[in-house]
>>> print(open('start_5.cif').read())   # mmCIF, C-alpha atoms
data_data
loop_
_atom_site.label_atom_id
_atom_site.label_comp_id
_atom_site.auth_asym_id
_atom_site.auth_seq_id
_atom_site.Cartn_x
_atom_site.Cartn_y
_atom_site.Cartn_z
CA MET A 863 18.71 -0.29 5.31
CA THR A 864 21.16 -0.03 2.42
CA LYS A 865 20.39 3.65 1.67
CA ASP A 866 20.27 6.74 3.84
CA PHE A 867 16.89 8.20 4.75
CA TYR A 868 16.95 11.11 2.29
CA SER A 869 18.05 8.94 -0.64
CA THR A 870 15.40 6.35 0.12
CA LEU A 871 12.58 8.91 0.09
CA LYS A 872 13.99 10.68 -2.97
CA GLU A 873 14.30 7.49 -4.99
CA ARG A 874 10.97 5.99 -3.92
CA ARG A 875 8.84 6.01 -7.04
CA SER A 876 5.94 4.18 -8.67
CA TYR A 877 7.37 1.19 -10.52
CA TYR A 878 5.00 -0.43 -12.99
CA GLY A 879 7.60 -2.64 -14.66
CA ILE A 880 8.35 -5.41 -12.14
CA ASN A 881 8.91 -9.16 -12.16
CA LYS A 882 9.25 -12.06 -9.75
CA GLU A 883 13.06 -12.33 -9.94
CA VAL A 884 13.76 -10.65 -6.58
CA LYS A 885 17.09 -11.14 -4.85
CA VAL A 886 15.77 -10.01 -1.48
CA PRO A 887 14.95 -13.01 0.75
CA PHE A 888 11.37 -13.39 1.90
CA GLU A 889 12.51 -13.08 5.53
CA LYS A 890 13.70 -9.54 4.79
CA ILE A 891 10.33 -8.61 3.30
CA LYS A 892 8.63 -10.11 6.36
CA GLU A 893 10.95 -8.05 8.58
CA ILE A 894 10.06 -4.84 6.71
CA VAL A 895 6.32 -5.35 7.06
CA GLU A 896 6.49 -6.35 10.72
CA PHE A 897 8.81 -3.41 11.49
CA ALA A 898 6.36 -1.00 9.81
CA VAL A 899 3.38 -2.37 11.74
CA LYS A 900 5.24 -2.22 15.06
CA TYR A 901 6.88 1.19 14.82
CA THR A 902 4.72 3.38 12.57
CA PRO A 903 2.76 5.84 14.73
CA SER A 904 -1.01 5.97 15.05
CA ALA A 905 -3.42 8.32 16.82
CA PHE A 906 -3.89 7.45 20.50
CA ASN A 907 -1.47 4.57 19.81
CA SER A 908 -4.50 2.78 18.38
CA GLN A 909 -2.37 0.35 16.34
CA SER A 910 -5.32 -0.15 13.99
CA ALA A 911 -3.26 -1.05 10.91
CA ARG A 912 -3.60 -4.59 9.58
CA LEU A 913 -1.32 -5.72 6.74
CA VAL A 914 -1.58 -8.85 4.60
CA VAL A 915 1.26 -9.98 2.32
CA PHE A 916 0.60 -12.14 -0.73
CA THR A 917 3.34 -13.94 -2.65
CA GLY A 918 3.38 -16.88 -5.05
CA GLU A 919 -0.03 -18.31 -5.94
CA SER A 920 -1.83 -15.99 -3.51
CA HIS A 921 -0.35 -12.93 -5.23
CA ASP A 922 -1.37 -14.24 -8.65
CA LYS A 923 -4.86 -15.10 -7.39
CA LEU A 924 -5.33 -11.58 -6.02
CA TRP A 925 -4.71 -10.03 -9.41
CA ASP A 926 -6.85 -12.66 -11.15
CA ILE A 927 -9.71 -11.68 -8.83
CA THR A 928 -9.09 -7.99 -9.50
CA THR A 929 -8.97 -8.60 -13.26
CA GLU A 930 -12.24 -10.50 -13.35
CA THR A 931 -13.93 -7.95 -11.10
CA LEU A 932 -12.89 -5.10 -13.38
CA ARG A 933 -13.89 -7.08 -16.46
CA GLY A 934 -17.39 -7.27 -15.01
CA VAL A 935 -17.41 -3.51 -14.50
CA VAL A 936 -16.17 -2.74 -18.01
CA GLY A 937 -18.56 -5.22 -19.63
CA ASP A 938 -18.36 -5.15 -23.41
CA GLY A 939 -16.00 -2.16 -23.43
CA ASP A 940 -12.34 -2.23 -24.47
CA PHE A 941 -10.49 -4.06 -21.70
CA SER A 942 -7.02 -4.16 -23.30
CA ALA A 943 -5.47 -1.27 -21.34
CA THR A 944 -6.84 -2.58 -18.05
CA GLN A 945 -5.65 -6.10 -18.87
CA GLN A 946 -2.16 -4.79 -19.55
CA LYS A 947 -2.12 -3.01 -16.19
CA MET A 948 -3.38 -6.12 -14.35
CA ASP A 949 -0.74 -8.24 -16.06
CA SER A 950 1.97 -5.82 -14.94
CA PHE A 951 0.91 -6.13 -11.31
CA LYS A 952 0.58 -9.91 -11.49
CA ALA A 953 4.09 -10.08 -12.98
CA GLY A 954 5.47 -8.86 -9.66
CA TYR A 955 6.72 -10.93 -6.75
CA GLY A 956 4.10 -10.00 -4.19
CA THR A 957 1.49 -7.54 -2.96
CA VAL A 958 1.01 -5.87 0.41
CA LEU A 959 -2.61 -5.16 1.32
CA PHE A 960 -3.21 -2.35 3.80
CA PHE A 961 -6.28 -2.62 6.02
CA GLU A 962 -7.59 -0.64 8.99
CA ASP A 963 -9.44 -2.42 11.79
CA GLU A 964 -12.75 -0.60 12.04
CA ALA A 965 -13.52 -2.26 15.36
CA VAL A 966 -10.57 -0.40 16.88
CA VAL A 967 -11.73 2.87 15.34
CA LYS A 968 -15.27 2.36 16.62
CA SER A 969 -14.01 1.55 20.10
CA LEU A 970 -12.02 4.79 20.22
CA GLN A 971 -15.06 6.75 19.03
CA GLU A 972 -17.05 5.31 21.92
CA GLN A 973 -14.30 5.99 24.47
CA PHE A 974 -13.63 9.54 23.28
CA PRO A 975 -16.90 10.89 21.79
CA LEU A 976 -15.49 14.42 21.62
CA TYR A 977 -13.13 13.22 18.87
CA ALA A 978 -15.48 10.68 17.28
CA ASP A 979 -15.55 12.36 13.87
CA ASN A 980 -11.77 12.52 13.72
CA PHE A 981 -10.89 8.88 14.39
CA PRO A 982 -11.71 7.65 10.84
CA ILE A 983 -9.59 10.51 9.48
CA TRP A 984 -6.71 9.69 11.81
CA SER A 985 -7.06 6.02 10.88
CA ASN A 986 -6.57 6.86 7.20
CA GLN A 987 -3.61 9.07 8.05
CA ALA A 988 -1.98 6.24 9.98
CA SER A 989 -2.55 3.90 7.05
CA GLY A 990 -0.84 6.40 4.76
CA MET A 991 2.18 6.42 7.06
CA HIS A 992 2.32 2.62 7.02
CA GLN A 993 2.18 2.68 3.24
CA LEU A 994 5.09 5.11 3.02
CA VAL A 995 7.21 3.19 5.53
CA VAL A 996 6.75 -0.10 3.67
CA TRP A 997 7.20 1.54 0.26
CA ALA A 998 10.39 3.32 1.30
CA ALA A 999 11.78 0.22 3.00
CA LEU A 1000 11.15 -1.87 -0.12
CA GLU A 1001 12.90 0.83 -2.15
CA SER A 1002 15.87 0.73 0.23
CA GLU A 1003 16.29 -2.96 -0.63
CA GLY A 1004 16.22 -2.30 -4.37
CA LEU A 1005 12.61 -3.40 -4.91
CA GLY A 1006 10.08 -1.51 -7.02
CA ALA A 1007 6.49 -0.92 -5.91
CA SER A 1008 3.39 1.12 -6.68
CA LEU A 1009 0.24 1.95 -4.75
CA GLN A 1010 -3.13 0.87 -6.11
CA HIS A 1011 -6.73 1.35 -4.98
CA TYR A 1012 -9.12 -1.26 -6.33
CA ASN A 1013 -11.13 -1.18 -3.14
CA PRO A 1014 -14.03 -1.38 -2.52
CA LEU A 1015 -14.60 -3.32 -5.76
CA ILE A 1016 -12.53 -6.32 -4.66
CA ASP A 1017 -13.15 -6.20 -0.91
CA ASP A 1018 -15.80 -8.88 -0.55
CA GLU A 1019 -14.08 -11.41 -2.81
CA VAL A 1020 -10.69 -10.90 -1.13
CA LYS A 1021 -12.16 -11.30 2.35
CA LYS A 1022 -14.00 -14.43 1.29
CA GLU A 1023 -11.02 -16.02 -0.45
CA TRP A 1024 -8.58 -15.51 2.42
CA ASP A 1025 -10.95 -15.45 5.40
CA ILE A 1026 -10.09 -11.87 6.32
CA PRO A 1027 -12.14 -10.40 9.21
CA SER A 1028 -15.16 -8.40 8.12
CA ASN A 1029 -14.15 -5.45 10.31
CA TRP A 1030 -10.89 -4.98 8.39
CA LYS A 1031 -11.35 -2.17 5.87
CA LEU A 1032 -9.19 -2.41 2.75
CA ILE A 1033 -7.37 0.86 2.07
CA ALA A 1034 -4.75 0.13 -0.59
CA GLN A 1035 -2.79 -2.52 -2.47
CA MET A 1036 0.98 -2.37 -3.09
CA PRO A 1037 2.32 -4.75 -5.75
CA PHE A 1038 6.11 -5.06 -5.64
CA GLY A 1039 8.94 -6.92 -7.28
CA ASN A 1040 12.23 -6.66 -9.09
CA PRO A 1041 12.27 -3.44 -11.18
CA THR A 1042 12.41 -4.07 -14.93
CA ALA A 1043 11.75 -0.52 -16.13
CA GLN A 1044 12.62 2.86 -14.67
CA PRO A 1045 9.85 5.35 -13.84
CA GLY A 1046 9.61 8.55 -15.85
CA GLU A 1047 10.91 11.93 -14.78
CA LYS A 1048 9.07 13.53 -11.88
CA GLU A 1049 8.23 17.21 -11.91
CA PHE A 1050 8.20 19.28 -8.73
CA LYS A 1051 6.16 22.39 -8.05
CA PRO A 1052 8.12 25.32 -6.53
CA LEU A 1053 8.81 24.79 -2.84
CA GLU A 1054 8.28 28.47 -2.09
CA ASP A 1055 4.61 27.96 -3.01
CA ARG A 1056 4.29 24.93 -0.73
CA VAL A 1057 6.35 25.67 2.38
CA LYS A 1058 6.46 28.68 4.72
CA PHE A 1059 8.87 29.44 7.55
CA TYR A 1060 8.24 31.83 10.47
CA GLY A 1061 10.40 32.74 13.41
CA LYS A 1062 14.07 33.17 14.20
CA ARG A 1063 16.69 32.11 11.66
#
>>> encode(input="start_5.cif", output="structure tokens")
Amino acid sequence: MTKDFYSTLKERRSYYGINKEVKVPFEKIKEIVEFAVKYTPSAFNSQSARLVVFTGESHDKLWDITTETLRGVVGDGDFSATQQKMDSFKAGYGTVLFFEDEAVVKSLQEQFPLYADNFPIWSNQASGMHQLVVWAALESEGLGASLQHYNPLIDDEVKKEWDIPSNWKLIAQMPFGNPTAQPGEKEFKPLEDRVKFYGKR
């Protein structure tokens, strides 16, 4: 990683201005995603995360599908703002799709019925950690990304188009690329209202 841990997390932001002119080789992006899947923790070491990376025509097709799906939802309404947002995602280099394997979650529920209600929650928490690891790692390489949630609207079409297993549940989409615009200022609520410390100092 080209940045230290604190700097990477501090500078990780939602980039909506991105393009395809990335200088990071695809092999590095592949390394980031595989590293995240291998080393990000999960409850009971379930390893239920499933990630799919789209680049090139597949990336463009994903956002075409999303655009047409949303157009159907909006109907005769004003679609201009949504179209602009879809175009900004499609302008990027690629998209990481985050799935959770529901077959793994169901198996754990059957093995440990005492915790059955918690496994879907823990699954979502693990997915969130995978999202942060990938997002921060992309940031460390100078790439911009954002996190989107057009599921479940696009789930069926995406699974059909790319033959994705039916038991994979889509959680989030992360378009990424070369940053072309800086994100706005971020405001922070007072830490004293959000963190408490007890014990010896």
>>> residues_near_point(input="start_5.cif", point="(-1.1, -0.2, -3.2)", cutoff="12 Å", atoms="only C-alpha atoms", output="PyMOL selection string")
chain A and resi 876-878+913-915+951+956-961+989-990+992-994+996-997+1006-1013+1032-1038
>>> residues_around(input="start_5.cif", residues="Lys885 (chain A)", least_positions_apart="3", cutoff="10 Å", atoms="all atoms listed in the file", output="tab-separated table (two decimals) with C-alpha atoms, in the coordinates of the input")
chain	number	residue	atom	x	y	z
A	882	LYS	CA	9.25	-12.06	-9.75
A	888	PHE	CA	11.37	-13.39	1.90
A	1003	GLU	CA	16.29	-2.96	-0.63
A	1004	GLY	CA	16.22	-2.30	-4.37
A	1005	LEU	CA	12.61	-3.40	-4.91
A	1039	GLY	CA	8.94	-6.92	-7.28
A	1040	ASN	CA	12.23	-6.66	-9.09
>>> resolve_selection(input="start_5.cif", expression="the PyMOL selection byres ((chain A and resi 966-969) around 9)", output="VMD selection string")
chain A and resid 908 to 910 962 to 965 970 to 974 978 981 to 982 985
>>> atom_distance(input="start_5.cif", atom1="CA of Leu871 (chain A)", atom2="CA of Val884 (chain A)")
20.7 Å
>>> atom_distance(input="start_5.cif", atom1="CA of Ser942 (chain A)", atom2="CA of Pro1041 (chain A)")
22.8 Å
>>> resolve_selection(input="start_5.cif", expression="the PyMOL selection byres ((chain A and resi 921) around 10)", output="list in words")
Val915, Phe916, Thr917, Gly918, Glu919, Ser920, Asp922, Lys923, Leu924, Trp925, Asp926, Phe951, Lys952, Ala953, Gly954, Tyr955, Gly956, Thr957, Val958 and Pro1037 of chain A
>>> resolve_selection(input="start_5.cif", expression="the PyMOL selection byres ((chain A and resi 872) around 12)", output="number ranges by chain")
A: 865-871, 873-876, 997-998, 1001-1002, 1048, 1050
>>> atom_distance(input="start_5.cif", atom1="CA of Glu1023 (chain A)", atom2="CA of Trp984 (chain A)")
28.8 Å
>>> closest_residue(input="start_5.cif", among="A:Arg1056, A:Ser950, A:Phe941, A:Lys900", to="Thr1042 (chain A)", atoms="all atoms listed in the file")
A:Ser950
>>> closest_residue(input="start_5.cif", among="A:Gly879, A:Ile927, A:Arg912, A:Glu1047", to="Lys1022 (chain A)", atoms="only C-alpha atoms")
A:Ile927
